[in-house]
Amino acid sequence: MEEYSLTLGAHLLLWVFPLVLVVLVIVEDLLDRLKPGPER
Amino acid sequence: MNPVEGSTLTTVAVVMVAYLGVLLYIGWRAAKRTHGGEDFHLAGRSLGAWSAGISSTASSESGWVTLGAVGMTFTYGVSGLWYAPGCLLGYLVNLYLVAPRLRPLSADQGSVTLTDVITRRWGDPRNVLRVTATTIILICMMGYVAAQMTAAGKAFSSSLGFEGRSGYILGVVIGAVVIIFVTSLGGFRAVAWTDLFQGLLVAIALIALPLYAIARLGGFGALVQGLGAIDPNLLSAGGGRLGPALWGFIIGQLGIGLGYPGMPHVITRYMATRDDRQVQRLQVIAMFWGVAVFYGAGLVGLAGRVMLPGLADGEQALMALALQLVHPVLAGLLLAAVISAILSTVSSQLLVAASAVSYDVVEKTLGKASDDRRSLILGRWTVAVVGLLGILVALSEVRLVFWFVLFAWSGLGAAFAPLILLSLMRRGVNRHGALAAMLTGTGVTVAWKLGRDAASNPEIFARVWWITLLAAAAILILGQLARAFDTADRVAVVAAASLTVISWWVVQRWGLDNLYELVPAFFLAGFAALAVSAITPISVEEASK
């Protein structure tokens with residue numbers, strides 16, 4: 001039976017993009033929390 | 001969908017009634033805390049991160065996310081997912097550029113609506129900007145409200161087993177009456193709280209259902225094999241498209257995100273947030289919600305394609321999977337999630353349309369009901385009247401109104417998104433440029449959209465150029481009669497008309513009909529704002545800001 005797989009573009013679109021986005025959002029939030037001062 | 005067993009239908013109906021009961025309870029609680037105009041239109045700027053964050057996202061993603069987005073991947077496979085990065089890039093712009101700047105700006109200005117932000121930003125001595133913005137919002141929002149009520153009616157009648165025309169009418173009336181009641185009682189606070197409840201329901205449904213469905217299939221590998229066996233193109237990011245068709249499709253899908261900063265029902269959530277700390281927290285909440293919901297919807301479509309080979313309409317995949325895979329109580333909750341996605345948008349748009357009438361027109365333009373208590377009463381009655389109008393339009397299915405809906409997202413996005421971004425990011429735009437941007441965004445959207453569908457509307461498309469000139473002449477005459485326009489305003493109207501006719505000529509001459517209309521309309525509106533501002537004088541009141 002023929003084996004099918006996602007193309008490289010499909011990998012990027014399906015899980016690499018959202019994963020990178022979530023990591024960036026978390027990192028930005030952590031950096032924000034480390035900032036001192038009342039303006040945080 | 002397949003016929004559903006009577007006992008399942010009864011269970012689903014009980015869950016639906018409980019869901020509507022929760023909405024009414026939330027509306028009643030919100031009403032007890034709503035005492036004046038600013039409370040009604042903006043929740044007294046008191047929203048926390050969760051209600052503001054989820055409300056901003058849930059209100060932007062109508063039934064499209066549980067029906068249309070699911071249908072995209074059901075039909076096109078992985079390539080149907082391009083809407084997700086498009087929408088999430090729009091979220092990034094809104095959450096990280098617009099929200100942190102708009103909240104303090106609107107609080108300093110004391111502005112309550114999107115129109116208020118624009119008019120107070122540039123000054124509007126003769127109400128030119130307010131009347132223009134309100135007209136665009138009302139036209140787009142009324143069509144939107146009626147279309148969403150139609151969708152809610154169909155979803156209610158199919159999930160509760162109502163049949164025929166009377167079943168549809170009952171479905172529309174049940175959904176619309178609950179939403180009108182909740183919104184008119186509790187105003188913005190009720191809308192935000194019900195959005196929070198409904199947004200969480202949608203997110204849970206779109207995380208749980210695809211995971212369960214893929215597990216039932218035998219895992220992600222089995223899903224990939226199943227899709228490949230149907231059509232290998234379902235596993236590629238291009239879906240078998242090549243050349244200009246591929247790039248037009250991708251740019252168009254990414255371009256959806258350009259509209260977010262211009263959606264009044266979305267960005268007013270940021271204005272209603274309590275403080276800057278809440279804005280920072282809502283950024284994370286809203287982004288996680290977006291990723292979960294967009295990718296969850298995509299996975300439901302992919303799983304549905306493999307598990308429901310006989311399903312003719314991919315947009316029904318979520319409801320069909322729910323009824324086929326899970327216990328009726330859970331199926332009821334999943335169907336409630338489908339309706340939640342619709343009703344959370346209806347309530348938000350209803351409130352924006354009502355605020356446009358009661359606050360922008362009656363209070364600000366006509367100068368009535370300046371007292372806070374009167375403002376609240378006026379707001380409540382306007383929601384009721386606008387809502388009833390929406391029901392009538394949804395039931396009579398007036399075609400012209402639904403024609404406006406085709407332009408609603410891109411029209412609002414192109415008219416307001418570049419303007420909001422320019423107003424928050426840079427100086428160099430004056431009120432004449434703002435007028436040119438709103439008119440250009442709307443005009444180019446209509447011209448390009450007709451150009452994209454020229455085959456189905458050849459006669460209307462051919463008339464675009466002279467209809468545009470007639471519209472511009474009418475605006476100039478009205479402005480003259482009302483003694484509202486100065487020379488620079490006339491320059492703005494002529495510039496907008498010229499850009500609209502040029503865009504019509506371009507799409508006709510070069511056949512750029514693969515390109516989603518929001519993309520050219522957005523950039524031409526931004527160009528119009530800067531160009532008209534560069535050649536028209538800045539007013540005394542603007543110079544002092």
# chains A, B, ... in the order shown; residues from 1 in each chain; ligands from 1
call {"tool": "interface_residues", "arguments": {"of": "chain B", "to": "chain A", "cutoff": "7 Å", "atoms": "only C-alpha atoms", "output": "ChimeraX atom specification"}}
result
/B:78,224-225,228,235-237,277,284,291
call {"tool": "select_by_dssp", "arguments": {"residues": "chain A", "states": "helix (DSSP H, G or I)", "output": "PyMOL selection string"}}
result
chain A and resi 8-34
call {"tool": "residues_around", "arguments": {"residues": "Leu308 of chain B", "least_positions_apart": "6", "cutoff": "9 Å", "atoms": "only C-alpha atoms", "output": "list of chain:residue names"}}
result
B:Ala317, B:Ala320, B:Leu321
call {"tool": "residues_around", "arguments": {"residues": "Ser348 of chain B", "least_positions_apart": "6", "cutoff": "10 Å", "atoms": "only C-alpha atoms", "output": "list in words"}}
result
Ser55, Ser56, Ala58, Ser59, Ser60, Met141, Val145, Ile179, Thr183, Gly187, Phe188, Ala190, Val191, Ala192, Asp195, Pro264, His265, Val266, Thr268, Arg269 and Ala354 of chain B
call {"tool": "residues_around", "arguments": {"residues": "segment 167-169 of chain B", "least_positions_apart": "6", "cutoff": "12 Å", "atoms": "only C-alpha atoms", "output": "list of chain:residue names"}}
result
B:Met149, B:Thr150, B:Ala151, B:Ala152, B:Gly153, B:Lys154, B:Ala155, B:Phe156, B:Ser157, B:Ser158, B:Ser159, B:Leu160, B:Gly161, B:Gly175, B:Ala176, B:Val177, B:Ile391, B:Leu392, B:Val393, B:Ala394, B:Leu395, B:Ser396, B:Glu397
call {"tool": "write_last_selection", "arguments": {"atoms": "N, CA and C atoms", "output": "PDB file, in the first residue's frame"}}
result
ATOM      1  N   MET B 149     -28.190  36.425  12.292  1.00  0.00           N
ATOM      2  CA  MET B 149     -29.461  35.922  12.811  1.00  0.00           C
ATOM      3  C   MET B 149     -30.001  34.801  11.928  1.00  0.00           C
ATOM      4  N   THR B 150     -29.813  34.949  10.628  1.00  0.00           N
ATOM      5  CA  THR B 150     -30.225  33.888   9.706  1.00  0.00           C
ATOM      6  C   THR B 150     -29.454  32.604  10.000  1.00  0.00           C
ATOM      7  N   ALA B 151     -28.122  32.755  10.190  1.00  0.00           N
ATOM      8  CA  ALA B 151     -27.290  31.580  10.465  1.00  0.00           C
ATOM      9  C   ALA B 151     -27.707  30.927  11.783  1.00  0.00           C
ATOM     10  N   ALA B 152     -27.982  31.776  12.805  1.00  0.00           N
ATOM     11  CA  ALA B 152     -28.392  31.245  14.112  1.00  0.00           C
ATOM     12  C   ALA B 152     -29.719  30.497  13.975  1.00  0.00           C
ATOM     13  N   GLY B 153     -30.631  31.060  13.190  1.00  0.00           N
ATOM     14  CA  GLY B 153     -31.931  30.427  12.989  1.00  0.00           C
ATOM     15  C   GLY B 153     -31.784  29.053  12.357  1.00  0.00           C
ATOM     16  N   LYS B 154     -30.902  28.969  11.357  1.00  0.00           N
ATOM     17  CA  LYS B 154     -30.689  27.676  10.693  1.00  0.00           C
ATOM     18  C   LYS B 154     -30.056  26.674  11.660  1.00  0.00           C
ATOM     19  N   ALA B 155     -29.069  27.152  12.454  1.00  0.00           N
ATOM     20  CA  ALA B 155     -28.391  26.243  13.391  1.00  0.00           C
ATOM     21  C   ALA B 155     -29.356  25.762  14.473  1.00  0.00           C
ATOM     22  N   PHE B 156     -30.176  26.681  15.006  1.00  0.00           N
ATOM     23  CA  PHE B 156     -31.154  26.301  16.025  1.00  0.00           C
ATOM     24  C   PHE B 156     -32.160  25.301  15.462  1.00  0.00           C
ATOM     25  N   SER B 157     -32.709  25.622  14.289  1.00  0.00           N
ATOM     26  CA  SER B 157     -33.764  24.758  13.762  1.00  0.00           C
ATOM     27  C   SER B 157     -33.217  23.371  13.418  1.00  0.00           C
ATOM     28  N   SER B 158     -31.947  23.299  12.913  1.00  0.00           N
ATOM     29  CA  SER B 158     -31.428  21.965  12.584  1.00  0.00           C
ATOM     30  C   SER B 158     -31.061  21.193  13.848  1.00  0.00           C
ATOM     31  N   SER B 159     -30.544  21.888  14.888  1.00  0.00           N
ATOM     32  CA  SER B 159     -30.148  21.135  16.077  1.00  0.00           C
ATOM     33  C   SER B 159     -31.339  20.783  16.966  1.00  0.00           C
ATOM     34  N   LEU B 160     -32.419  21.560  16.892  1.00  0.00           N
ATOM     35  CA  LEU B 160     -33.587  21.267  17.730  1.00  0.00           C
ATOM     36  C   LEU B 160     -34.642  20.455  16.965  1.00  0.00           C
ATOM     37  N   GLY B 161     -34.365  20.165  15.703  1.00  0.00           N
ATOM     38  CA  GLY B 161     -35.278  19.337  14.925  1.00  0.00           C
ATOM     39  C   GLY B 161     -36.498  20.077  14.408  1.00  0.00           C
ATOM     40  N   GLY B 175     -33.207  32.528  19.014  1.00  0.00           N
ATOM     41  CA  GLY B 175     -31.850  33.054  19.174  1.00  0.00           C
ATOM     42  C   GLY B 175     -31.836  34.567  19.293  1.00  0.00           C
ATOM     43  N   ALA B 176     -32.580  35.242  18.412  1.00  0.00           N
ATOM     44  CA  ALA B 176     -32.536  36.702  18.360  1.00  0.00           C
ATOM     45  C   ALA B 176     -33.161  37.326  19.608  1.00  0.00           C
ATOM     46  N   VAL B 177     -34.289  36.772  20.066  1.00  0.00           N
ATOM     47  CA  VAL B 177     -34.954  37.374  21.229  1.00  0.00           C
ATOM     48  C   VAL B 177     -34.069  37.274  22.474  1.00  0.00           C
ATOM     49  N   ILE B 391     -34.286  41.060  13.002  1.00  0.00           N
ATOM     50  CA  ILE B 391     -35.160  39.878  12.884  1.00  0.00           C
ATOM     51  C   ILE B 391     -36.004  39.984  11.615  1.00  0.00           C
ATOM     52  N   LEU B 392     -36.591  41.168  11.396  1.00  0.00           N
ATOM     53  CA  LEU B 392     -37.452  41.355  10.223  1.00  0.00           C
ATOM     54  C   LEU B 392     -36.686  41.119   8.933  1.00  0.00           C
ATOM     55  N   VAL B 393     -35.457  41.667   8.887  1.00  0.00           N
ATOM     56  CA  VAL B 393     -34.652  41.486   7.670  1.00  0.00           C
ATOM     57  C   VAL B 393     -34.295  40.011   7.495  1.00  0.00           C
ATOM     58  N   ALA B 394     -33.923  39.348   8.618  1.00  0.00           N
ATOM     59  CA  ALA B 394     -33.544  37.931   8.535  1.00  0.00           C
ATOM     60  C   ALA B 394     -34.726  37.090   8.058  1.00  0.00           C
ATOM     61  N   LEU B 395     -35.920  37.427   8.528  1.00  0.00           N
ATOM     62  CA  LEU B 395     -37.097  36.636   8.148  1.00  0.00           C
ATOM     63  C   LEU B 395     -37.569  36.935   6.728  1.00  0.00           C
ATOM     64  N   SER B 396     -37.462  38.220   6.343  1.00  0.00           N
ATOM     65  CA  SER B 396     -37.938  38.564   4.997  1.00  0.00           C
ATOM     66  C   SER B 396     -36.893  38.237   3.940  1.00  0.00           C
ATOM     67  N   GLU B 397     -35.632  38.017   4.417  1.00  0.00           N
ATOM     68  CA  GLU B 397     -34.524  37.666   3.516  1.00  0.00           C
ATOM     69  C   GLU B 397     -34.406  38.669   2.367  1.00  0.00           C
TER      70      GLU B 397
END
call {"tool": "atom_distance", "arguments": {"atom1": "atom CA of Gly63 of chain B", "atom2": "atom CA of Ala336 of chain B"}}
result
11.5 Å
call {"tool": "residues_around", "arguments": {"residues": "Ser533 of chain B", "least_positions_apart": "3", "cutoff": "12 Å", "atoms": "only C-alpha atoms", "output": "list in words"}}
result
Trp122, Leu422, Arg427, Gly428, Val429, Asn430, Arg431, His432, Gly433, Ala434, Leu435, Ala436, Ala437, Ala488, Asp489, Val491, Ala492, Ala495, Gly526, Phe527, Ala528, Ala529, Leu530, Thr536, Pro537, Ile538, Ser539 and Glu542 of chain B
